[in-house]
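Asks: Handing over query-v4.txt, compact mmCIF, C-alpha atoms.
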# COMPACT_ATOMS: atom_id res chain seq x y z
CA MET A 1 -120.85 4.81 -31.75
CA HIS A 2 -118.28 2.78 -33.62
CA LYS A 3 -117.51 -0.81 -32.68
CA GLN A 4 -114.05 -0.99 -31.12
CA ASN A 5 -111.78 -3.65 -32.65
CA GLN A 6 -110.47 -6.20 -30.14
CA THR A 7 -107.00 -5.92 -31.69
CA LYS A 8 -105.61 -2.87 -29.89
CA ARG A 9 -102.45 -2.24 -31.89
CA ILE A 10 -101.51 -3.02 -35.46
CA SER A 11 -98.51 -2.18 -37.62
CA VAL A 12 -98.82 -0.92 -41.18
CA VAL A 13 -95.83 -1.24 -43.50
CA ILE A 14 -95.69 0.90 -46.66
CA THR A 15 -92.83 0.32 -49.10
CA SER A 16 -92.51 2.96 -51.77
CA TYR A 17 -90.27 4.39 -54.48
CA ASN A 18 -90.60 7.67 -56.36
CA GLU A 19 -94.23 8.08 -55.28
CA PRO A 20 -94.48 11.52 -53.63
CA LYS A 21 -97.74 12.24 -55.47
CA THR A 22 -99.57 9.11 -54.29
CA ILE A 23 -98.22 8.12 -50.89
CA GLY A 24 -100.30 10.80 -49.16
CA ASN A 25 -103.48 9.08 -50.36
CA THR A 26 -102.15 5.75 -49.12
CA ILE A 27 -101.48 7.17 -45.68
CA ALA A 28 -104.82 9.00 -45.51
CA SER A 29 -106.74 5.79 -46.27
CA ILE A 30 -105.08 4.27 -43.19
CA LEU A 31 -104.84 7.13 -40.66
CA ASP A 32 -108.25 8.71 -41.33
CA ARG A 33 -110.07 6.62 -38.74
CA THR A 34 -113.59 7.39 -39.94
CA TYR A 35 -112.46 6.15 -43.37
CA SER A 36 -110.32 3.15 -42.36
CA GLY A 37 -112.80 2.03 -39.69
CA PHE A 38 -110.02 0.98 -37.30
CA PHE A 39 -109.83 2.93 -34.02
CA GLY A 40 -107.06 1.04 -32.25
CA GLU A 41 -103.40 2.04 -32.15
CA ILE A 42 -101.49 2.10 -35.45
CA GLN A 43 -97.74 1.88 -35.79
CA LEU A 44 -96.90 3.24 -39.25
CA ILE A 45 -93.64 2.14 -40.90
CA ILE A 46 -92.67 3.72 -44.21
CA ALA A 47 -89.63 2.83 -46.32
CA ALA A 48 -88.49 4.59 -49.48
CA PRO A 49 -85.06 5.21 -51.05
CA ASP A 50 -85.89 8.70 -52.30
CA ARG A 51 -86.24 11.83 -50.17
CA PRO A 52 -89.25 13.34 -52.03
CA THR A 53 -91.38 10.30 -51.19
CA LEU A 54 -90.31 10.29 -47.54
CA SER A 55 -90.88 14.03 -47.31
CA ALA A 56 -94.38 13.68 -48.75
CA ALA A 57 -95.06 10.84 -46.32
CA LYS A 58 -93.98 12.93 -43.34
CA THR A 59 -96.21 15.79 -44.49
CA ALA A 60 -99.19 13.44 -44.80
CA VAL A 61 -98.58 11.95 -41.35
CA THR A 62 -98.33 15.44 -39.82
CA LYS A 63 -101.84 16.27 -41.06
CA PHE A 64 -103.19 13.51 -38.82
CA LYS A 65 -100.88 14.43 -35.92
CA HIS A 66 -99.81 10.80 -35.80
CA GLN A 67 -96.81 10.08 -33.56
CA ASP A 68 -96.24 6.31 -33.78
CA CYS A 69 -94.19 6.36 -37.00
CA VAL A 70 -90.93 4.93 -38.31
CA PHE A 71 -89.40 6.40 -41.48
CA ILE A 72 -86.69 4.40 -43.25
CA GLN A 73 -84.59 5.58 -46.18
CA ASP A 74 -83.47 2.29 -47.75
CA ASP A 75 -80.60 1.84 -50.21
CA ASN A 76 -82.78 1.15 -53.28
CA ASN A 77 -81.68 -2.49 -53.42
CA GLY A 78 -85.16 -3.82 -54.13
CA LYS A 79 -88.43 -4.29 -52.29
CA PRO A 80 -87.36 -7.41 -50.32
CA THR A 81 -84.50 -5.44 -48.77
CA ALA A 82 -86.86 -2.60 -47.84
CA LEU A 83 -89.38 -5.04 -46.38
CA ASN A 84 -86.71 -6.73 -44.26
CA LEU A 85 -85.80 -3.36 -42.75
CA CYS A 86 -89.45 -2.64 -41.99
CA LEU A 87 -90.20 -6.07 -40.50
CA LYS A 88 -87.48 -5.50 -37.89
CA GLU A 89 -89.57 -2.61 -36.56
CA VAL A 90 -93.08 -4.09 -36.38
CA LYS A 91 -94.70 -4.09 -32.92
CA GLY A 92 -98.43 -4.65 -33.52
CA ALA A 93 -100.26 -7.97 -33.21
CA ILE A 94 -101.24 -7.78 -36.90
CA THR A 95 -99.12 -6.28 -39.67
CA ILE A 96 -100.67 -4.85 -42.84
CA LEU A 97 -98.37 -4.57 -45.85
CA THR A 98 -99.02 -2.35 -48.85
CA ASP A 99 -97.38 -0.02 -51.40
CA GLY A 100 -97.13 3.76 -51.67
CA ASP A 101 -98.95 3.96 -55.00
CA ILE A 102 -102.35 2.64 -53.90
CA SER A 103 -105.16 3.66 -51.57
CA PHE A 104 -107.53 1.45 -49.63
CA LYS A 105 -111.27 1.26 -50.08
CA LYS A 106 -113.29 2.63 -47.16
CA ASN A 107 -113.28 0.39 -44.05
CA SER A 108 -110.64 -1.92 -45.54
CA VAL A 109 -108.35 -1.76 -42.51
CA LYS A 110 -111.23 -2.66 -40.18
CA ILE A 111 -112.38 -5.49 -42.43
CA LEU A 112 -108.92 -7.05 -42.58
CA ILE A 113 -108.47 -6.92 -38.79
CA ASP A 114 -112.00 -8.17 -38.08
CA GLU A 115 -111.35 -11.18 -40.29
CA PHE A 116 -108.70 -12.45 -37.86
CA GLU A 117 -111.14 -12.09 -34.99
CA ARG A 118 -113.92 -13.82 -36.91
CA TYR A 119 -111.64 -16.68 -38.05
CA PRO A 120 -108.94 -17.20 -35.36
CA HIS A 121 -107.27 -19.97 -37.39
CA LEU A 122 -106.22 -17.54 -40.14
CA VAL A 123 -102.56 -16.54 -40.38
CA GLY A 124 -103.02 -14.02 -43.19
CA VAL A 125 -105.83 -12.18 -44.97
CA SER A 126 -105.90 -10.53 -48.38
CA GLY A 127 -108.24 -8.01 -49.95
CA ARG A 128 -109.25 -7.41 -53.54
CA GLN A 129 -107.38 -5.42 -56.19
CA ILE A 130 -109.46 -2.88 -58.10
CA SER A 131 -108.10 -1.09 -61.15
CA ILE A 132 -108.60 2.68 -61.24
CA ASP A 133 -107.64 2.89 -64.92
CA THR A 134 -110.18 3.68 -67.61
CA LYS A 135 -111.69 0.81 -69.56
CA ASN A 136 -111.77 3.02 -72.67
CA ASN A 137 -108.29 2.02 -73.82
CA TYR A 138 -106.65 -1.36 -74.27
CA PHE A 139 -104.31 -1.52 -71.28
CA GLY A 140 -106.93 -0.04 -68.99
CA TYR A 141 -109.40 -2.66 -70.16
CA ILE A 142 -107.06 -5.60 -69.57
CA SER A 143 -106.21 -4.25 -66.10
CA HIS A 144 -109.91 -4.58 -65.21
CA LEU A 145 -110.03 -8.00 -66.83
CA PHE A 146 -106.96 -9.08 -64.86
CA THR A 147 -108.26 -7.92 -61.47
CA GLU A 148 -111.63 -9.55 -62.08
CA ALA A 149 -109.91 -12.82 -63.08
CA LEU A 150 -107.88 -12.70 -59.86
CA HIS A 151 -111.03 -12.16 -57.82
CA VAL A 152 -112.88 -15.03 -59.52
CA SER A 153 -109.87 -17.33 -59.06
CA ARG A 154 -109.53 -16.47 -55.37
CA ILE A 155 -113.22 -17.05 -54.72
CA ALA A 156 -113.14 -20.40 -56.53
CA GLN A 157 -109.90 -21.54 -54.92
CA MET A 158 -110.40 -20.35 -51.34
CA ASN A 159 -114.08 -21.24 -50.94
CA GLY A 160 -114.72 -18.94 -47.98
CA ASN A 161 -112.59 -18.29 -44.92
CA SER A 162 -113.54 -21.45 -43.04
CA ASN A 163 -112.60 -24.01 -45.72
CA GLN A 164 -109.85 -22.72 -48.01
CA LYS A 165 -107.42 -24.07 -50.48
CA TYR A 166 -104.29 -22.01 -51.15
CA PHE A 167 -104.08 -18.71 -53.01
CA PRO A 168 -101.24 -16.24 -52.25
CA LEU A 169 -101.95 -12.92 -50.58
CA SER A 170 -101.88 -9.71 -52.62
CA GLY A 171 -98.91 -7.43 -51.96
CA TYR A 172 -101.19 -4.43 -52.47
CA ILE A 173 -103.42 -5.31 -49.52
CA MET A 174 -102.42 -8.05 -47.12
CA ALA A 175 -102.49 -8.55 -43.35
CA VAL A 176 -100.42 -11.11 -41.45
CA ARG A 177 -100.07 -12.21 -37.84
CA THR A 178 -96.88 -10.41 -36.83
CA GLU A 179 -95.48 -13.30 -34.80
CA LEU A 180 -95.13 -15.29 -38.04
CA LEU A 181 -92.97 -12.66 -39.76
CA ASN A 182 -89.89 -14.14 -38.13
CA PHE A 183 -87.89 -14.69 -41.31
CA THR A 184 -85.77 -12.75 -43.77
CA ILE A 185 -86.95 -12.40 -47.35
CA PRO A 186 -84.14 -13.32 -49.79
CA THR A 187 -83.08 -10.23 -51.70
CA GLU A 188 -83.41 -12.01 -55.06
CA VAL A 189 -87.08 -12.94 -54.56
CA LEU A 190 -89.24 -11.51 -57.35
CA VAL A 191 -92.66 -11.99 -55.74
CA ASP A 192 -92.35 -11.04 -52.09
CA ASP A 193 -96.09 -11.40 -51.41
CA ALA A 194 -96.08 -15.03 -52.60
CA TYR A 195 -92.91 -15.72 -50.61
CA ILE A 196 -94.50 -14.33 -47.44
CA SER A 197 -97.67 -16.36 -48.13
CA LEU A 198 -95.66 -19.56 -48.45
CA MET A 199 -93.57 -18.90 -45.35
CA ILE A 200 -96.49 -18.17 -43.02
CA THR A 201 -98.38 -21.27 -44.21
CA LYS A 202 -95.48 -23.74 -44.22
CA ASP A 203 -96.62 -25.20 -40.88
CA GLY A 204 -100.23 -25.56 -41.98
CA GLY A 205 -101.44 -21.99 -41.56
CA VAL A 206 -104.55 -20.90 -43.46
CA LEU A 207 -104.98 -17.76 -45.57
CA GLY A 208 -108.20 -15.78 -45.92
CA TYR A 209 -109.77 -13.49 -48.51
CA ASN A 210 -112.38 -10.79 -48.07
CA PRO A 211 -113.14 -8.82 -51.26
CA GLU A 212 -114.92 -6.11 -49.26
CA ALA A 213 -111.43 -4.94 -48.32
CA ALA A 214 -109.80 -3.57 -51.45
CA ALA A 215 -106.86 -1.63 -52.83
CA TYR A 216 -107.29 0.82 -55.69
CA VAL A 217 -104.41 0.20 -58.11
CA SER A 218 -103.13 1.77 -61.33
CA TYR A 219 -101.56 -0.64 -63.82
CA PRO A 220 -99.05 -0.41 -66.74
CA LYS A 221 -100.08 1.88 -69.55
CA HIS A 222 -98.02 0.42 -72.42
CA LEU A 223 -96.58 -2.87 -73.66
CA THR A 224 -93.02 -2.44 -72.39
CA ASP A 225 -94.10 -1.86 -68.79
CA TYR A 226 -96.72 -4.62 -69.07
CA PHE A 227 -94.04 -7.16 -69.97
CA LYS A 228 -91.65 -5.89 -67.29
CA GLN A 229 -94.28 -6.26 -64.60
CA LYS A 230 -95.64 -9.61 -65.75
CA ILE A 231 -92.24 -11.23 -66.25
CA ARG A 232 -91.43 -10.36 -62.65
CA SER A 233 -94.79 -11.30 -61.13
CA THR A 234 -95.51 -14.40 -63.21
CA GLY A 235 -91.93 -15.60 -63.61
CA GLY A 236 -91.41 -15.13 -59.89
CA TYR A 237 -93.56 -18.18 -59.18
CA ILE A 238 -91.20 -20.31 -61.25
CA GLN A 239 -88.38 -18.95 -59.13
CA LEU A 240 -90.17 -19.98 -55.90
CA LYS A 241 -90.71 -23.47 -57.28
CA GLN A 242 -86.99 -23.71 -58.08
CA MET A 243 -86.29 -22.65 -54.48
CA GLY A 244 -88.28 -25.68 -53.28
CA LEU A 245 -91.00 -23.64 -51.59
CA VAL A 246 -93.95 -24.81 -53.69
CA ASP A 247 -95.56 -28.22 -53.18
CA ASN A 248 -98.64 -29.80 -54.78
CA SER A 249 -100.99 -28.09 -52.32
CA LYS A 250 -99.52 -24.63 -53.02
CA ARG A 251 -99.03 -24.45 -56.74
CA ALA A 252 -97.03 -21.73 -58.38
CA ARG A 253 -98.60 -19.71 -61.17
CA THR A 254 -98.03 -21.67 -64.38
CA LEU A 255 -99.06 -21.79 -68.02
CA ILE A 256 -101.54 -24.50 -67.03
CA ASP A 257 -103.27 -22.05 -64.68
CA ASP A 258 -103.56 -19.61 -67.57
CA LEU A 259 -105.15 -22.32 -69.69
CA LYS A 260 -107.72 -23.04 -66.98
CA MET A 261 -108.94 -19.45 -67.43
CA PHE A 262 -108.67 -19.68 -71.22
CA LEU A 263 -112.22 -18.54 -72.01
CA PHE A 264 -112.51 -15.97 -69.24
CA PRO A 265 -111.28 -12.97 -71.33
CA LEU A 266 -113.91 -13.65 -73.99
CA ARG A 267 -116.67 -14.04 -71.43
CA TYR A 268 -115.59 -10.87 -69.65
CA ALA A 269 -116.03 -8.70 -72.76
CA SER A 270 -119.29 -6.73 -72.82
CA ASN A 271 -119.16 -5.37 -76.38
CA LEU A 272 -117.47 -5.95 -79.74
CA LYS A 273 -114.52 -3.64 -79.01
CA GLU A 274 -113.81 -5.38 -75.70
CA PHE A 275 -114.15 -8.77 -77.38
CA PHE A 276 -111.45 -7.76 -79.89
CA TRP A 277 -109.22 -6.49 -77.06
CA SER A 278 -109.71 -9.80 -75.25
CA LEU A 279 -108.62 -11.66 -78.37
CA LEU A 280 -105.41 -9.58 -78.47
CA LEU A 281 -104.58 -10.75 -74.98
CA TYR A 282 -103.99 -14.35 -76.12
CA PRO A 283 -100.90 -13.70 -78.28
CA MET A 284 -99.60 -11.31 -75.57
CA ARG A 285 -99.84 -14.00 -72.89
CA LEU A 286 -98.25 -16.55 -75.22
CA LEU A 287 -95.31 -14.23 -75.88
CA LEU A 288 -95.04 -13.59 -72.15
CA TRP A 289 -94.74 -17.29 -71.37
CA ILE A 290 -92.24 -17.83 -74.18
CA ARG A 291 -90.13 -15.03 -72.72
CA ILE A 292 -90.40 -16.39 -69.17
CA TYR A 293 -89.44 -19.95 -70.12
CA SER A 294 -86.62 -18.74 -72.37
CA LEU A 295 -85.20 -16.84 -69.40
CA LYS A 296 -85.69 -19.86 -67.16
CA PHE A 297 -83.78 -22.26 -69.40
CA PHE A 298 -81.26 -20.00 -71.12
CA ALA A 299 -80.70 -17.02 -68.80
CA PRO A 300 -81.83 -17.91 -65.24
CA LYS A 301 -79.65 -15.20 -63.70
CA LYS A 302 -81.39 -12.59 -65.82
CA LEU A 303 -84.77 -13.83 -64.60
CA VAL A 304 -83.64 -13.40 -61.00
CA THR A 305 -82.46 -9.85 -61.68
CA SER A 306 -85.61 -8.85 -63.57
CA TRP A 307 -87.08 -6.97 -60.57
CA ILE A 308 -87.88 -3.64 -62.21
CA ARG A 309 -89.94 -0.81 -60.74
CA VAL A 310 -92.60 0.08 -63.28
CA GLU A 311 -93.10 3.81 -63.32
CA SER A 312 -96.45 3.79 -65.15
CA THR A 313 -98.12 1.98 -62.25
CA LYS A 314 -97.73 4.98 -59.98
Can you give me the file's structure in the form of structure tokens?
Replies:
Amino acid sequence: MHKQNQTKRISVVITSYNEPKTIGNTIASILDRTYSGFFGEIQLIIAAPDRPTLSAAKTAVTKFKHQDCVFIQDDNNGKPTALNLCLKEVKGAITILTDGDISFKKNSVKILIDEFERYPHLVGVSGRQISIDTKNNYFGYISHLFTEALHVSRIAQMNGNSNQKYFPLSGYIMAVRTELLNFTIPTEVLVDDAYISLMITKDGGVLGYNPEAAAYVSYPKHLTDYFKQKIRSTGGYIQLKQMGLVDNSKRARTLIDDLKMFLFPLRYASNLKEFFWSLLLYPMRLLLWIRIYSLKFFAPKKLVTSWIRVESTK
């Protein structure tokens, strides 16, 4: 006999683009109840601008004979716009937000929901990101290094779910109390997950982290996509600071934060090849920060419009 979650109905929002091959796995990891571990009601809301992705999503939903669904074909004006359309539809007590190019680890849905019941003071809970890319090539290796660094940072910063400092939720796997999603995300926001994290904690709300809940993610496979993704995700924190949303207790991601983890890549390496790959990461990160700050000071409008969907992450 499974333990019934006290939360009877949740909403799950999936935003997607050009992901007909992967969105079925995303949906299955949520609607397969023996896999997700959650046996309450699920309202599924899926937004995508392209018909192939929506068609694949409908096919996947049909396999589970799931009726409580909302399908939205957005205008391809960016993820914040798609999220705003979805958030108008949410009905559950808790809303899980994720993307159409990932799948959850077994029992992740249950773990996220149980965390709210275990710690009633939490306003949002995040899970761990796990790279599914091979460690046998450079970009696959640094994807594993990156996700491990995120995990270590979250553990150090949040110090358990009863006495946390601040660390933003992960857009790949995050759950939020629906009543707090009473705002509109500005369309120019580059890091929607950080924006949501800041908005739901602005009145003193506390975020949680449980690494037993996890999202399996594929990351950029070459330098061009790496820089596109990192300029958006890392530079987006500078944007939030400029918007006046970041105070001393909720720091944006900065070069100083990178320096605090300066030795981590070298310690993470387990052999000579990985040690060399870790060394290569230092000039890459330096070039990334030079690019971000050059955009900030000399082309701020270009930084704001740098939201680019990275195809190799699908």
Asks: Rounded to one decimal place, report the CA of Lys65 in chain A-CA of Arg177 in chain A distance in Å.
Replies: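 Separating CA of Lys65 in chain A from CA of Arg177 in chain A is a distance of 26.7 Å.
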Asks: Given the choices A:Met199, A:Phe139, A:Leu259, A:Leu190, which gets closest to Asp225 in chain A if the distance is worked out from all atoms listed in the file?
Replies: A:Phe139
Asks: Using only C-alpha atoms, which residues sit within 12 Å of Pro52 in chain A once same-chain residues fewer than 4 positions away are excluded, as a ChimeraX atom specification?
Replies: /A:16-24,47-48,56-59,73
Asks: From the options A:Phe71, A:Tyr268, A:Phe262, A:Phe297, which residue's atoms come nearest to Tyr282 in chain A, counting only C-alpha atoms?
Replies: A:Phe262
Asks: Which is closest to Gly236 in chain A among A:Asp114, A:Asn182, A:Lys221, A:Tyr293, if we use all atoms listed in the file?
Replies: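 Result for the nearest residue to Gly236 in chain A: A:Tyr293.
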Asks: Can you measure CA of Thr53 in chain A to CA of Tyr216 in chain A for me? One decimal in Å is fine.
Replies: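 So the answer is 19.1 Å.
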Asks: Here is a test: counting only C-alpha atoms, which residue of A:Ile200, A:Leu288, A:Val191, A:Leu181 is nearest to Phe227 in chain A?
Replies: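 Closest candidate: A:Leu288.
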Asks: Select, from A:Ala194, A:Pro265, A:Cys69, A:Lys106, the residue with the minimum atom-to-atom distance to Thr147 in chain A, counting all atoms listed in the file.
Replies: A:Pro265
Asks: What does the structure give for the distance between CA of Gly171 in chain A and CA of Gly127 in chain A, in Å to one decimal?
Replies: 9.6 Å
Asks: With distances taken over all atoms listed in the file, which residue among A:Val176, A:Ile132, A:Val125, A:Leu281 lies nearest Ile111 in chain A?
Replies: A:Val125
Asks: Quick one: residues within 9 Å of Ile45 in chain A, only C-alpha atoms counted, chain neighbours fewer than 2 positions away excluded, as a PyMOL selection string?
Replies: chain A and resi 11-15+43+47+68-72+86-87+89-90
Asks: Near Glu148 in chain A, within 12 Å and counting only C-alpha atoms, which residues show up once chain neighbours fewer than 4 positions away are dropped, as an MDAnalysis selection string?
Replies: chainID A and resid 128:131 141:144 152:155 211 261 264:265 267:269
Asks: Just C-alpha atoms for this one: save the residues we selected as a short mmCIF file (atom, residue, chain, number, x, y, z; two decimals), in the frame of the given file.
Replies:
data_model
loop_
_atom_site.label_atom_id
_atom_site.label_comp_id
_atom_site.auth_asym_id
_atom_site.auth_seq_id
_atom_site.Cartn_x
_atom_site.Cartn_y
_atom_site.Cartn_z
CA ARG A 128 -109.25 -7.41 -53.54
CA GLN A 129 -107.38 -5.42 -56.19
CA ILE A 130 -109.46 -2.88 -58.10
CA SER A 131 -108.10 -1.09 -61.15
CA TYR A 141 -109.40 -2.66 -70.16
CA ILE A 142 -107.06 -5.60 -69.57
CA SER A 143 -106.21 -4.25 -66.10
CA HIS A 144 -109.91 -4.58 -65.21
CA VAL A 152 -112.88 -15.03 -59.52
CA SER A 153 -109.87 -17.33 -59.06
CA ARG A 154 -109.53 -16.47 -55.37
CA ILE A 155 -113.22 -17.05 -54.72
CA PRO A 211 -113.14 -8.82 -51.26
CA MET A 261 -108.94 -19.45 -67.43
CA PHE A 264 -112.51 -15.97 -69.24
CA PRO A 265 -111.28 -12.97 -71.33
CA ARG A 267 -116.67 -14.04 -71.43
CA TYR A 268 -115.59 -10.87 -69.65
CA ALA A 269 -116.03 -8.70 -72.76
#
Asks: When you look at Tyr209 in chain A with a cut-off of 10 Å (counting all atoms listed in the file), what residues show up, excluding the ones that are within fewer than 4 positions of it in the same chain? I need them as a list in words.
Replies: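 Here the answer would be Leu112, Glu115, Leu122, Gly124, Val125, Ser126, Gly127, Arg128, His151, Arg154, Ile155, Met158, Asn159, Gly160, Asn161, Gln164, Phe167, Pro168, Leu169, Ser170, Met174 and Ala213 of chain A.
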Asks: Need the neighbours of (-98.3, -19.1, -44.5): which residues are at most 9 Å away, counting all atoms listed in the file, as a list in words?
Replies: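 Applying the cut-off with all atoms listed in the file, one gets Val123, Gly124, Pro168, Val176, Leu180, Tyr195, Ile196, Ser197, Leu198, Met199, Ile200, Thr201, Lys202, Asp203, Gly204, Gly205, Val206 and Leu207 of chain A.
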Asks: Write a file of the selected residues as a compact mmCIF listing (two decimals), keeping the file's coordinate frame, keeping C-alpha atoms.
Replies:
# COMPACT_ATOMS: atom_id res chain seq x y z
CA VAL A 123 -102.56 -16.54 -40.38
CA GLY A 124 -103.02 -14.02 -43.19
CA PRO A 168 -101.24 -16.24 -52.25
CA VAL A 176 -100.42 -11.11 -41.45
CA LEU A 180 -95.13 -15.29 -38.04
CA TYR A 195 -92.91 -15.72 -50.61
CA ILE A 196 -94.50 -14.33 -47.44
CA SER A 197 -97.67 -16.36 -48.13
CA LEU A 198 -95.66 -19.56 -48.45
CA MET A 199 -93.57 -18.90 -45.35
CA ILE A 200 -96.49 -18.17 -43.02
CA THR A 201 -98.38 -21.27 -44.21
CA LYS A 202 -95.48 -23.74 -44.22
CA ASP A 203 -96.62 -25.20 -40.88
CA GLY A 204 -100.23 -25.56 -41.98
CA GLY A 205 -101.44 -21.99 -41.56
CA VAL A 206 -104.55 -20.90 -43.46
CA LEU A 207 -104.98 -17.76 -45.57
Asks: Please determine the residues with any atom at most 7 Å from (-111.2, -15.8, -77.0) (coordinates as given in the file, with all atoms listed in the file counting) and report them as number ranges by chain.
Replies: A: 263, 265-266, 278-279
